[in-house]
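Colleague: My structure is in target-v5.cif, and what it holds is mmCIF, C-alpha atoms and all ligand atoms:
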```cif
data_run
loop_
_atom_site.label_atom_id
_atom_site.label_comp_id
_atom_site.auth_asym_id
_atom_site.auth_seq_id
_atom_site.Cartn_x
_atom_site.Cartn_y
_atom_site.Cartn_z
CA MET A 11 143.30 168.92 9.18
CA PRO A 12 139.56 169.76 9.19
CA SER A 13 137.58 166.49 9.13
CA SER A 14 135.59 167.66 6.08
CA ILE A 15 138.74 167.45 3.91
CA SER A 16 139.59 163.80 3.54
CA ASP A 17 141.42 164.07 0.23
CA PRO A 18 144.05 166.82 0.55
CA LYS A 19 145.46 166.37 -2.96
CA SER A 20 142.06 166.88 -4.60
CA ALA A 21 141.39 169.88 -2.39
CA ILE A 22 144.77 171.42 -3.31
CA ARG A 23 144.16 170.69 -7.00
CA ALA A 24 140.82 172.46 -6.83
CA ARG A 25 142.31 175.52 -5.12
CA ALA A 26 145.20 175.64 -7.60
CA GLY A 27 142.87 175.23 -10.57
CA ALA A 28 140.82 178.17 -9.35
CA GLU A 29 144.02 180.27 -9.40
CA GLY A 30 144.58 179.28 -13.05
CA PHE A 31 147.26 176.61 -12.62
CA GLY A 32 146.59 174.06 -15.35
CA MET A 33 149.11 171.61 -13.94
CA VAL A 34 149.16 170.55 -10.28
CA ARG A 35 151.36 167.64 -9.27
CA PHE A 36 153.08 166.42 -6.12
CA ALA A 37 156.63 165.34 -5.31
CA ARG A 38 158.42 164.27 -2.16
CA ALA A 39 160.70 167.02 -0.87
CA ALA A 40 163.41 164.37 -0.67
CA ALA A 41 162.75 163.10 -4.21
CA PRO A 42 165.94 162.09 -5.98
CA LEU A 43 166.65 164.90 -8.45
CA ARG A 44 168.95 165.15 -11.39
CA ALA A 45 169.52 168.83 -10.61
CA PRO A 46 172.65 168.55 -8.43
CA GLU A 47 174.66 166.58 -10.97
CA ARG A 48 173.49 168.74 -13.91
CA LEU A 49 174.09 171.98 -12.06
CA GLY A 50 177.54 170.80 -10.98
CA ALA A 51 178.59 170.07 -14.57
CA PHE A 52 177.10 173.34 -15.83
CA LEU A 53 179.01 175.36 -13.23
CA ALA A 54 182.25 173.40 -13.53
CA ASP A 55 182.40 174.26 -17.24
CA GLY A 56 181.70 177.94 -16.55
CA ARG A 57 178.59 177.77 -18.73
CA HIS A 58 176.68 180.08 -16.39
CA GLY A 59 178.67 183.04 -17.76
CA THR A 60 178.36 185.98 -15.38
CA MET A 61 175.33 184.59 -13.52
CA ASP A 62 177.43 184.23 -10.39
CA TRP A 63 174.35 183.93 -8.18
CA LEU A 64 173.83 180.45 -9.64
CA ALA A 65 177.23 179.32 -8.40
CA ARG A 66 177.02 181.17 -5.10
CA ASP A 67 173.79 179.50 -4.12
CA ALA A 68 174.39 176.14 -5.78
CA ALA A 69 173.86 173.87 -2.77
CA ARG A 70 170.78 175.68 -1.56
CA ARG A 71 169.27 175.65 -5.05
CA ALA A 72 170.04 172.05 -5.79
CA TYR A 73 168.79 170.29 -2.66
CA PRO A 74 165.20 170.89 -1.51
CA ASP A 75 165.87 169.53 1.99
CA VAL A 76 168.72 172.04 2.38
CA LEU A 77 166.40 174.76 1.17
CA TRP A 78 163.94 173.93 3.95
CA PRO A 79 164.55 170.85 6.14
CA ALA A 80 160.97 170.71 7.49
CA ALA A 81 159.50 170.18 4.02
CA LYS A 82 157.94 166.79 3.36
CA SER A 83 156.16 167.42 0.08
CA VAL A 84 156.26 169.85 -2.79
CA VAL A 85 153.22 171.00 -4.72
CA VAL A 86 154.57 171.63 -8.22
CA LEU A 87 152.50 173.96 -10.37
CA GLY A 88 152.49 174.91 -14.01
CA LEU A 89 150.77 177.95 -15.49
CA ASN A 90 150.20 177.87 -19.23
CA TYR A 91 151.40 180.92 -21.18
CA GLY A 92 151.03 179.46 -24.68
CA PRO A 93 151.20 182.15 -27.40
CA HIS A 94 148.24 182.88 -29.69
CA GLY A 95 150.29 182.70 -32.90
CA ASP A 96 153.71 181.46 -33.98
CA PRO A 97 156.24 183.46 -31.94
CA LEU A 98 158.83 183.00 -34.69
CA ASP A 99 156.80 184.90 -37.35
CA VAL A 100 158.28 188.24 -36.23
CA LEU A 101 161.79 187.01 -37.06
CA ALA A 102 160.92 187.47 -40.75
CA ARG A 103 160.16 191.19 -40.19
CA PRO A 104 163.53 192.79 -39.61
CA ASP A 105 162.20 196.32 -38.92
CA LEU A 106 160.42 194.97 -35.84
CA GLY A 107 161.81 193.61 -32.59
CA ALA A 108 161.16 190.12 -31.21
CA ILE A 109 160.46 189.99 -27.47
CA SER A 110 160.28 186.56 -25.88
CA VAL A 111 156.70 185.38 -25.36
CA TYR A 112 157.02 185.19 -21.59
CA ALA A 113 157.95 188.89 -21.44
CA GLN A 114 155.17 190.31 -23.61
CA GLY A 115 152.66 190.57 -20.75
CA ASP A 116 152.89 191.57 -17.10
CA ASP A 117 155.85 190.32 -15.08
CA TYR A 118 155.13 186.64 -14.34
CA HIS A 119 157.01 186.89 -11.05
CA ASP A 120 154.46 189.36 -9.74
CA VAL A 121 151.45 187.58 -11.21
CA ILE A 122 152.46 184.12 -9.99
CA LYS A 123 153.67 185.31 -6.61
CA ALA A 124 150.24 186.73 -5.84
CA LYS A 125 148.54 183.48 -6.88
CA LEU A 126 151.01 181.34 -4.91
CA LYS A 127 150.60 183.37 -1.76
CA ARG A 128 146.84 182.98 -1.87
CA LEU A 129 147.12 179.27 -2.62
CA ALA A 130 149.74 178.63 0.07
CA GLY A 131 147.67 180.57 2.59
CA GLY A 132 144.67 178.39 1.74
CA ILE A 133 146.66 175.16 2.13
CA ALA A 134 148.10 176.29 5.47
CA LYS A 135 144.59 177.12 6.70
CA ASP A 136 142.89 173.97 5.38
CA PHE A 137 145.49 171.57 6.73
CA ALA A 138 147.09 173.43 9.65
CA CYS A 139 150.51 172.86 8.11
CA GLU A 140 153.57 174.96 7.35
CA VAL A 141 154.16 176.21 3.82
CA LYS A 142 156.90 178.07 1.95
CA VAL A 143 156.70 179.59 -1.49
CA PHE A 144 159.43 179.94 -4.13
CA VAL A 145 158.94 181.77 -7.44
CA ASP A 146 161.76 181.21 -9.88
CA THR A 147 164.26 181.67 -7.06
CA ALA A 148 165.58 178.16 -7.64
CA PRO A 149 165.25 177.61 -11.38
CA VAL A 150 167.41 174.54 -11.81
CA MET A 151 165.77 172.72 -8.97
CA GLU A 152 162.32 173.66 -10.15
CA LYS A 153 162.68 171.95 -13.52
CA SER A 154 163.95 168.78 -11.84
CA LEU A 155 161.16 168.88 -9.29
CA ALA A 156 158.66 169.31 -12.10
CA GLU A 157 160.11 166.23 -13.77
CA ALA A 158 159.95 164.25 -10.50
CA ALA A 159 156.33 165.31 -9.99
CA GLY A 160 155.38 164.35 -13.55
CA VAL A 161 154.66 167.87 -14.86
CA GLY A 162 156.93 167.14 -17.83
CA TRP A 163 160.52 166.29 -18.62
CA GLN A 164 163.62 168.32 -19.21
CA GLY A 165 164.02 168.17 -22.98
CA LYS A 166 167.24 168.25 -24.95
CA HIS A 167 167.07 172.07 -24.81
CA THR A 168 167.16 171.74 -20.98
CA ASN A 169 163.75 173.35 -20.50
CA LEU A 170 160.64 171.57 -19.39
CA VAL A 171 158.36 169.98 -21.98
CA SER A 172 154.82 168.99 -21.12
CA ARG A 173 152.75 166.51 -23.08
CA GLU A 174 149.72 168.76 -22.48
CA PHE A 175 151.17 172.25 -22.79
CA GLY A 176 154.32 171.84 -24.86
CA SER A 177 157.04 174.34 -23.99
CA TRP A 178 154.89 177.04 -22.48
CA LEU A 179 154.60 176.55 -18.73
CA PHE A 180 155.69 178.84 -15.96
CA LEU A 181 156.78 176.66 -13.07
CA ALA A 182 156.27 177.36 -9.41
CA SER A 183 156.24 175.32 -6.24
CA ILE A 184 154.93 175.32 -2.72
CA PHE A 185 156.89 173.41 -0.11
CA THR A 186 154.84 172.05 2.74
CA SER A 187 155.29 170.12 5.95
CA LEU A 188 152.21 168.11 4.89
CA ASP A 189 152.96 164.53 3.90
CA LEU A 190 151.32 163.99 0.51
CA ALA A 191 151.59 160.92 -1.72
CA PRO A 192 153.89 161.76 -4.64
CA ASP A 193 152.75 161.48 -8.26
CA ASP A 194 154.70 159.45 -10.81
CA ALA A 195 157.67 161.10 -12.47
CA GLU A 196 157.46 161.86 -16.21
CA ALA A 197 159.64 159.95 -18.66
CA ASP A 198 161.72 161.58 -21.39
CA HIS A 199 159.76 161.72 -24.65
CA CYS A 200 162.36 163.43 -26.87
CA GLY A 201 163.25 160.20 -28.65
CA GLN A 202 165.31 160.77 -31.80
CA CYS A 203 164.10 164.36 -32.20
CA ARG A 204 166.73 167.10 -32.17
CA ARG A 205 164.77 170.02 -33.61
CA CYS A 206 165.57 172.36 -30.72
CA LEU A 207 169.30 171.65 -30.98
CA ASP A 208 169.33 172.30 -34.72
CA ALA A 209 167.22 175.47 -34.45
CA CYS A 210 169.59 177.33 -32.13
CA PRO A 211 171.01 180.36 -33.98
CA THR A 212 174.15 180.52 -31.83
CA ASP A 213 174.99 176.84 -31.32
CA ALA A 214 174.42 177.11 -27.60
CA PHE A 215 174.03 173.36 -27.07
CA PRO A 216 177.40 171.60 -26.75
CA ALA A 217 175.44 168.32 -26.53
CA PRO A 218 171.81 167.25 -25.97
CA TYR A 219 170.62 168.22 -22.47
CA GLN A 220 173.50 170.71 -22.05
CA LEU A 221 173.24 174.46 -22.51
CA ASP A 222 176.16 176.86 -22.65
CA ALA A 223 174.41 179.99 -21.38
CA ARG A 224 177.30 182.15 -22.56
CA ARG A 225 176.22 181.47 -26.15
CA CYS A 226 172.47 181.71 -25.56
CA ILE A 227 170.64 184.77 -26.90
CA SER A 228 168.39 184.82 -23.85
CA TYR A 229 171.44 185.13 -21.63
CA LEU A 230 173.22 187.59 -23.92
CA THR A 231 170.26 189.96 -24.35
CA ILE A 232 168.93 189.76 -20.77
CA GLU A 233 171.56 188.72 -18.23
CA HIS A 234 174.77 189.92 -19.88
CA LYS A 235 175.50 193.44 -18.72
CA GLY A 236 178.44 194.41 -20.93
CA HIS A 237 179.07 194.55 -24.66
CA ILE A 238 177.69 191.52 -26.48
CA PRO A 239 180.59 189.60 -28.04
CA ARG A 240 180.93 190.31 -31.75
CA GLU A 241 180.65 186.66 -32.78
CA PHE A 242 176.98 186.51 -31.71
CA ARG A 243 175.66 189.84 -32.99
CA ALA A 244 174.65 188.79 -36.52
CA ALA A 245 172.99 185.60 -35.24
CA ILE A 246 170.91 187.61 -32.78
CA GLY A 247 168.93 189.00 -35.73
CA ASN A 248 166.01 191.06 -34.40
CA ARG A 249 165.71 189.27 -31.05
CA ILE A 250 165.83 192.19 -28.64
CA TYR A 251 164.81 190.44 -25.41
CA GLY A 252 165.27 186.70 -25.08
CA CYS A 253 164.80 184.00 -27.69
CA ASP A 254 162.03 181.44 -28.22
CA ASP A 255 163.50 179.42 -31.07
CA CYS A 256 164.31 176.18 -29.23
CA LEU A 257 161.00 176.30 -27.35
CA ALA A 258 158.89 177.14 -30.38
CA VAL A 259 160.13 174.37 -32.68
CA CYS A 260 159.38 171.54 -30.26
CA PRO A 261 156.86 169.15 -31.83
CA TRP A 262 155.11 168.70 -28.48
CA ASN A 263 153.72 172.22 -28.96
CA LYS A 264 151.06 170.71 -31.19
CA PHE A 265 149.22 169.97 -27.96
CA ALA A 266 149.74 173.49 -26.59
CA GLN A 267 146.84 175.83 -25.99
CA ALA A 268 146.84 179.63 -25.85
CA GLY A 269 147.27 180.90 -22.29
CA ARG A 270 144.15 182.23 -20.60
CA GLU A 271 145.64 184.36 -17.83
CA GLN A 272 144.78 187.93 -18.85
CA LEU A 273 147.66 189.59 -17.00
CA LEU A 274 150.21 187.38 -18.74
CA SER A 275 148.77 187.69 -22.23
CA ALA A 276 150.77 189.68 -24.73
CA ARG A 277 150.33 193.44 -24.82
CA THR A 278 149.73 194.53 -28.42
CA GLU A 279 152.55 197.07 -28.28
CA LEU A 280 155.06 194.38 -27.22
CA THR A 281 154.27 191.62 -29.75
CA ALA A 282 156.12 193.21 -32.68
CA PRO A 283 157.35 196.70 -31.72
CA SER A 284 159.01 199.02 -34.23
CA LEU A 285 162.79 199.17 -33.85
CA ARG A 286 162.73 202.83 -34.80
CA GLU A 287 160.39 203.70 -31.94
CA LEU A 288 162.30 201.55 -29.45
CA ALA A 289 165.60 203.21 -30.40
CA ARG A 290 164.06 206.55 -29.37
CA LEU A 291 163.24 205.51 -25.81
CA ASP A 292 164.86 207.60 -23.13
CA ASP A 293 164.91 206.42 -19.52
CA ALA A 294 161.49 207.79 -18.64
CA ALA A 295 159.81 206.47 -21.80
CA PHE A 296 161.47 203.06 -21.30
CA ARG A 297 160.18 202.84 -17.74
CA ALA A 298 156.70 203.88 -18.82
CA LEU A 299 156.51 201.36 -21.69
CA PHE A 300 157.81 198.45 -19.62
CA ARG A 301 156.31 199.48 -16.29
CA LYS A 302 154.84 196.08 -15.39
CA SER A 303 156.93 193.98 -17.77
CA PRO A 304 160.00 191.90 -16.85
CA VAL A 305 161.85 193.82 -19.60
CA LYS A 306 162.18 196.78 -17.22
CA ARG A 307 164.77 194.88 -15.18
CA ILE A 308 167.52 195.20 -17.80
CA GLY A 309 167.24 198.99 -17.91
CA ARG A 310 167.10 201.34 -20.88
CA ASP A 311 170.78 201.23 -21.88
CA ARG A 312 171.04 197.46 -22.16
CA PHE A 313 167.72 197.36 -23.99
CA VAL A 314 168.75 200.02 -26.54
CA ARG A 315 172.05 198.12 -26.96
CA ASN A 316 169.95 195.13 -28.08
CA VAL A 317 167.76 197.29 -30.32
CA LEU A 318 170.87 198.65 -32.07
CA ILE A 319 172.10 195.14 -32.80
CA ALA A 320 168.70 194.43 -34.39
CA ILE A 321 168.93 197.68 -36.36
CA GLY A 322 172.37 196.65 -37.60
CA ASN A 323 170.90 193.32 -38.70
CA SER A 324 167.81 194.88 -40.32
CA GLY A 325 169.45 195.57 -43.70
CA ASN A 326 167.40 198.79 -43.67
CA ALA A 327 169.73 201.74 -44.18
CA ALA A 328 166.93 204.15 -43.23
CA LEU A 329 167.21 202.89 -39.65
CA GLY A 330 170.81 204.06 -39.72
CA GLU A 331 169.46 207.51 -38.75
CA GLU A 332 168.69 206.14 -35.32
CA ALA A 333 172.18 204.70 -34.95
CA LEU A 334 173.73 207.99 -36.09
CA ARG A 335 171.77 209.89 -33.44
CA LEU A 336 172.73 207.39 -30.75
CA LEU A 337 176.44 207.98 -31.39
CA ASP A 338 175.97 210.87 -28.95
CA ASP A 339 174.17 208.84 -26.30
CA GLY A 340 175.38 209.08 -22.70
CA SER A 341 175.91 205.32 -22.42
CA PRO A 342 179.08 203.73 -23.89
CA LEU A 343 177.10 200.50 -24.22
CA VAL A 344 174.70 202.28 -26.57
CA ARG A 345 177.38 204.26 -28.46
CA ALA A 346 179.42 201.11 -29.10
CA MET A 347 176.46 199.29 -30.65
CA ALA A 348 175.51 202.41 -32.64
CA VAL A 349 179.00 202.22 -34.18
CA TRP A 350 178.59 198.52 -34.89
CA ALA A 351 175.10 198.96 -36.39
CA LEU A 352 176.36 201.65 -38.79
CA GLY A 353 179.22 199.43 -39.91
CA ARG A 354 176.87 196.50 -40.46
CA LEU A 355 174.52 198.71 -42.49
CA GLY A 356 177.46 199.96 -44.56
CA ILE A 357 177.03 203.57 -43.42
CA ALA A 358 180.18 205.66 -43.01
CA LEU A 359 180.97 206.67 -39.46
CA PRO A 360 181.20 210.48 -39.11
CA GLN A 361 184.44 211.91 -37.70
CA ARG A 362 184.07 212.27 -33.96
CA ALA A 363 185.98 212.29 -30.72
CA GLU A 364 185.35 209.34 -28.40
CA SER A 365 186.83 208.91 -24.95
CA ASP A 366 185.56 205.44 -24.06
CA PRO A 367 188.08 202.71 -24.97
CA ASP A 368 185.43 200.09 -25.78
CA VAL A 369 183.60 202.43 -28.12
CA ARG A 370 186.92 203.43 -29.69
CA SER A 371 187.74 199.80 -30.30
CA GLU A 372 184.42 199.36 -32.15
CA MET A 373 185.49 202.31 -34.32
CA MET A 374 188.78 200.72 -35.35
CA PRO A 375 188.86 200.03 -39.11
CA THR A 376 189.91 196.42 -38.54
CA ASP A 377 186.96 195.87 -36.25
CA ARG A 378 184.58 197.61 -38.64
CA SER A 379 185.62 195.36 -41.50
CA ALA A 380 184.63 192.34 -39.45
CA VAL A 381 181.21 193.55 -38.40
CA ALA A 382 179.42 190.36 -39.33
S1 LIG A 401 166.98 180.37 -26.33
FE1 LIG A 401 167.68 180.66 -28.45
S2 LIG A 401 169.87 181.02 -28.31
FE2 LIG A 401 169.21 180.15 -26.34
S3 LIG A 401 169.53 177.99 -26.56
FE3 LIG A 401 167.41 178.35 -27.19
S4 LIG A 401 167.53 178.67 -29.40
FE4 LIG A 401 169.61 178.85 -28.62
S1 LIG A 402 162.40 169.79 -29.86
FE1 LIG A 402 162.58 167.56 -29.81
S2 LIG A 402 164.52 167.19 -28.75
FE2 LIG A 402 163.93 169.29 -28.31
S3 LIG A 402 162.80 169.22 -26.39
FE3 LIG A 402 161.29 169.05 -28.04
S4 LIG A 402 161.05 166.84 -28.36
FE4 LIG A 402 162.91 167.11 -27.20
#
```
Take the structure I supplied and represent it as structure tokens, if you would.
Modeller:
Amino acid sequence: MPSSISDPKSAIRARAGAEGFGMVRFARAAAPLRAPERLGAFLADGRHGTMDWLARDAARRAYPDVLWPAAKSVVVLGLNYGPHGDPLDVLARPDLGAISVYAQGDDYHDVIKAKLKRLAGGIAKDFACEVKVFVDTAPVMEKSLAEAAGVGWQGKHTNLVSREFGSWLFLASIFTSLDLAPDDAEADHCGQCRRCLDACPTDAFPAPYQLDARRCISYLTIEHKGHIPREFRAAIGNRIYGCDDCLAVCPWNKFAQAGREQLLSARTELTAPSLRELARLDDAAFRALFRKSPVKRIGRDRFVRNVLIAIGNSGNAALGEEALRLLDDGSPLVRAMAVWALGRLGIALPQRAESDPDVRSEMMPTDRSAVA
């Protein structure tokens, strides 16, 4: 370590602050975490749905010292992405689509990765130590590490809550061979509150601190590749990519501040986009609109599937035109939800031949009578 740097934690905090990280805390790499036991229960109950990568990598994700045995300390970082207004306002405008706050700007993976690489490079140079960087590659562990380092606590909705930034922190960490004194862990400040649990439109919390991802709109609209089960479609409303409800209602957000990172701030065209325009996106237009956004990862067909569910829930029969046109789409995922949207809007399905069994099953009169 260069002799001029006698206080490595302050030096790291200063470097991290210059990169825009509003929260910089330290944990031991071998800190006792609640992640392994929580992850084990989550997986044992099958609540990860089709996110098989979570199960496949469980041990590596859960134990930092398995992840990298040479690590002694972890620098845990939080980047504020607080919204400028109430992200739930758009839910009252059924002709528009609600995109989760974190996905309205540039892809946070790319933005944070660049910052972390610069920061880690600086730490390695300043202290002649080894460093490794992880960006959302170990999500369960990261929340537990953040709790151990005192960034916040895992609230009853299972996400991290910060006393300074509320629900709106991207988490990241740098593992280092440097031995740094750990900060105090944060205590749970949920108390008797259960606002997040009561706000969930799909009852995705079997109990406080437990999430059944298979029922969560974020999982269903982003991770789930197939047809979205009928029982959740009405509750999805106009949420076309993710869901912020449990995050947004947390009372600790009264201390939140609007994010200041330009690249992550919401693009005007993604804060409340028109469902009609989104339903008209072909592959090329989808890729152009979401070029730098995380939304691009789900692809046009899955996205238009979500838009059609929102159209079905809009109560606006004029949007039925879009569903009628999409009955001829090349994707069965899209055609099936076009059928469902028409049924939900009370618009008669035109006579047509359909070869795909899933789309045909959406067309069955019994299914169409149970659209809600
Ligand atoms: S993100 Fe939405 S659907 Fe998922 S648990 Fe939170 S409130 Fe429920
Ligand atoms: S809404 Fe209430 S229960 Fe949920 S995380 Fe926030 S403080 Fe905890």
Colleague: Taking (160.1, 195.8, -28.6) in the file's coordinates, which residues come within 6 Å, counting all atoms listed in the file, written as JSON, numbers by chain?
Modeller: {"A": [107, 109, 280, 283]}
Colleague: Tell me which protein, DNA and RNA residues are within 7 Å of Leu106 (chain A), counting all atoms listed in the file, leaving out same-chain ones fewer than 6 positions away, and put them as JSON, numbers by chain.
Modeller: {"A": [248, 282, 283, 284, 285]}
Colleague: CA of Met33 (chain A) to CA of Val161 (chain A): how many Å, to one decimal?
Modeller: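 Separating CA of Met33 (chain A) from CA of Val161 (chain A) is a distance of 6.8 Å.
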Colleague: From the set A:His237, A:Leu257, A:Gly165, A:Ala217, which residue has the shortest atom-to-atom contact distance to ligand LIG 402 (chain A), counting all atoms listed in the file?
Modeller: A:Gly165
Colleague: For ligand LIG 402 (chain A), return the neighbouring residues as a PyMOL selection string (distance at most 12 Å; all atoms listed in the file).
Modeller: chain A and resi 162-173+175-178+197-210+215+217-220+254-264
Colleague: Write out as an MDAnalysis selection string the residues lying within 6 Å of Gln114 (chain A), counting only C-alpha atoms and excluding same-chain residues fewer than 3 positions away.
Modeller: chainID A and resid 111 276:277 280
Colleague: Expressed in Å to a single decimal, how great is the separation between CA of Glu287 (chain A) and CA of Glu332 (chain A)?
Modeller: 9.3 Å
Colleague: Within 12 Å of region 305-309 of chain A, counting all atoms listed in the file, which residues show up once you throw out same-chain ones fewer than 4 positions away? Write them as an MDAnalysis selection string, please.
Modeller: chainID A and resid 109:119 228:236 250:252 280 291:301 313:316 341 343:344
Colleague: Kindly indicate which residue among A:Ile22, A:Val141, A:Val34, A:Ile227 lies nearest to ligand LIG 401 (chain A), using all atoms listed in the file for the distances.
Modeller: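 Result for the nearest residue to ligand LIG 401 (chain A): A:Ile227.
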Colleague: Kindly provide, as lines of an AutoDock Vina configuration file, the centre and edge lengths (Å, one decimal) of an axis-aligned box around all atoms of ligand LIG 401 (chain A) given in the file, with 6 Å on each side.
Modeller:
```
center_x = 168.4
center_y = 179.5
center_z = -27.9
size_x = 14.9
size_y = 15.0
size_z = 15.1
```
Colleague: Could you check which of A:Arg290, A:Arg249, A:Arg345, A:Arg335 is closest to ligand LIG 401 (chain A), using only C-alpha atoms and all ligand atoms?
Modeller: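 Smallest separation from ligand LIG 401 (chain A) among the options: A:Arg249.
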Colleague: Which one is closest to ligand LIG 401 (chain A): A:Arg224, A:Lys302, A:Arg23, A:Lys142? Count only C-alpha atoms and all ligand atoms.
Modeller: A:Arg224
Colleague: Tell me, in Å to one decimal, how far CA of Gly95 (chain A) is from CA of Ala266 (chain A).
Modeller: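 CA of Gly95 (chain A) sits 11.2 Å away from CA of Ala266 (chain A).
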Colleague: List as a VMD selection string the protein and nucleic acid residues near Ala182 (chain A), meaning an atom at most 9 Å away when all atoms listed in the file are counted, but skip any in the same chain fewer than 4 places from it.
Modeller: chain A and resid 85 to 89 122 to 123 126 143 to 146 152 156
Colleague: Choose the residue, out of A:Ile321, A:Cys226, A:Leu336, A:Ala289, that has the smallest atom-to-atom separation from Gly59 (chain A); count only C-alpha atoms.
Modeller: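 Closest to Gly59 (chain A) of all the choices is A:Cys226.
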Colleague: Can you tell me, as a PyMOL selection string, what residues are no more than 12 Å from Gln361 (chain A) when counting all atoms listed in the file, ignoring any on the same chain fewer than 3 positions away?
Modeller: chain A and resi 334+337+349+358+364+370+373
Colleague: Ranking A:Glu196, A:Asp136, A:Asp339, A:Asp366 by minimum distance to Ser154 (chain A) and counting only C-alpha atoms, which one comes first?
Modeller: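 Distance minimum relative to Ser154 (chain A) lands on A:Glu196.
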Colleague: N, CA and C atoms for region 322-334 of chain A, written as an mmCIF file, in the coordinates of the input, could you do that?
Modeller:
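Everything below was put into rebuild_3.cif:
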```cif
data_model
loop_
_atom_site.group_PDB
_atom_site.id
_atom_site.type_symbol
_atom_site.label_atom_id
_atom_site.label_comp_id
_atom_site.auth_asym_id
_atom_site.auth_seq_id
_atom_site.Cartn_x
_atom_site.Cartn_y
_atom_site.Cartn_z
ATOM 1 N N GLY A 322 171.233 197.027 -36.756
ATOM 2 C CA GLY A 322 172.370 196.650 -37.600
ATOM 3 C C GLY A 322 172.039 195.462 -38.487
ATOM 4 N N ASN A 323 171.246 194.534 -37.953
ATOM 5 C CA ASN A 323 170.900 193.320 -38.700
ATOM 6 C C ASN A 323 169.708 193.513 -39.637
ATOM 7 N N SER A 324 169.074 194.698 -39.586
ATOM 8 C CA SER A 324 167.810 194.880 -40.320
ATOM 9 C C SER A 324 168.018 194.974 -41.829
ATOM 10 N N GLY A 325 169.226 195.354 -42.257
ATOM 11 C CA GLY A 325 169.450 195.570 -43.700
ATOM 12 C C GLY A 325 168.737 196.817 -44.193
ATOM 13 N N ASN A 326 168.164 197.595 -43.292
ATOM 14 C CA ASN A 326 167.400 198.790 -43.670
ATOM 15 C C ASN A 326 168.221 200.037 -43.348
ATOM 16 N N ALA A 327 168.837 200.606 -44.400
ATOM 17 C CA ALA A 327 169.730 201.740 -44.180
ATOM 18 C C ALA A 327 168.996 202.940 -43.582
ATOM 19 N N ALA A 328 167.676 203.012 -43.787
ATOM 20 C CA ALA A 328 166.930 204.150 -43.230
ATOM 21 C C ALA A 328 166.990 204.139 -41.703
ATOM 22 N N LEU A 329 167.110 202.958 -41.120
ATOM 23 C CA LEU A 329 167.210 202.890 -39.650
ATOM 24 C C LEU A 329 168.562 203.363 -39.150
ATOM 25 N N GLY A 330 169.502 203.535 -40.084
ATOM 26 C CA GLY A 330 170.810 204.060 -39.720
ATOM 27 C C GLY A 330 170.728 205.439 -39.064
ATOM 28 N N GLU A 331 169.669 206.185 -39.393
ATOM 29 C CA GLU A 331 169.460 207.510 -38.750
ATOM 30 C C GLU A 331 169.452 207.376 -37.239
ATOM 31 N N GLU A 332 168.797 206.326 -36.778
ATOM 32 C CA GLU A 332 168.690 206.140 -35.320
ATOM 33 C C GLU A 332 170.080 205.833 -34.735
ATOM 34 N N ALA A 333 170.832 205.020 -35.435
ATOM 35 C CA ALA A 333 172.180 204.700 -34.950
ATOM 36 C C ALA A 333 173.057 205.946 -34.973
ATOM 37 N N LEU A 334 172.926 206.758 -36.015
ATOM 38 C CA LEU A 334 173.730 207.990 -36.090
ATOM 39 C C LEU A 334 173.423 208.896 -34.891
#
```
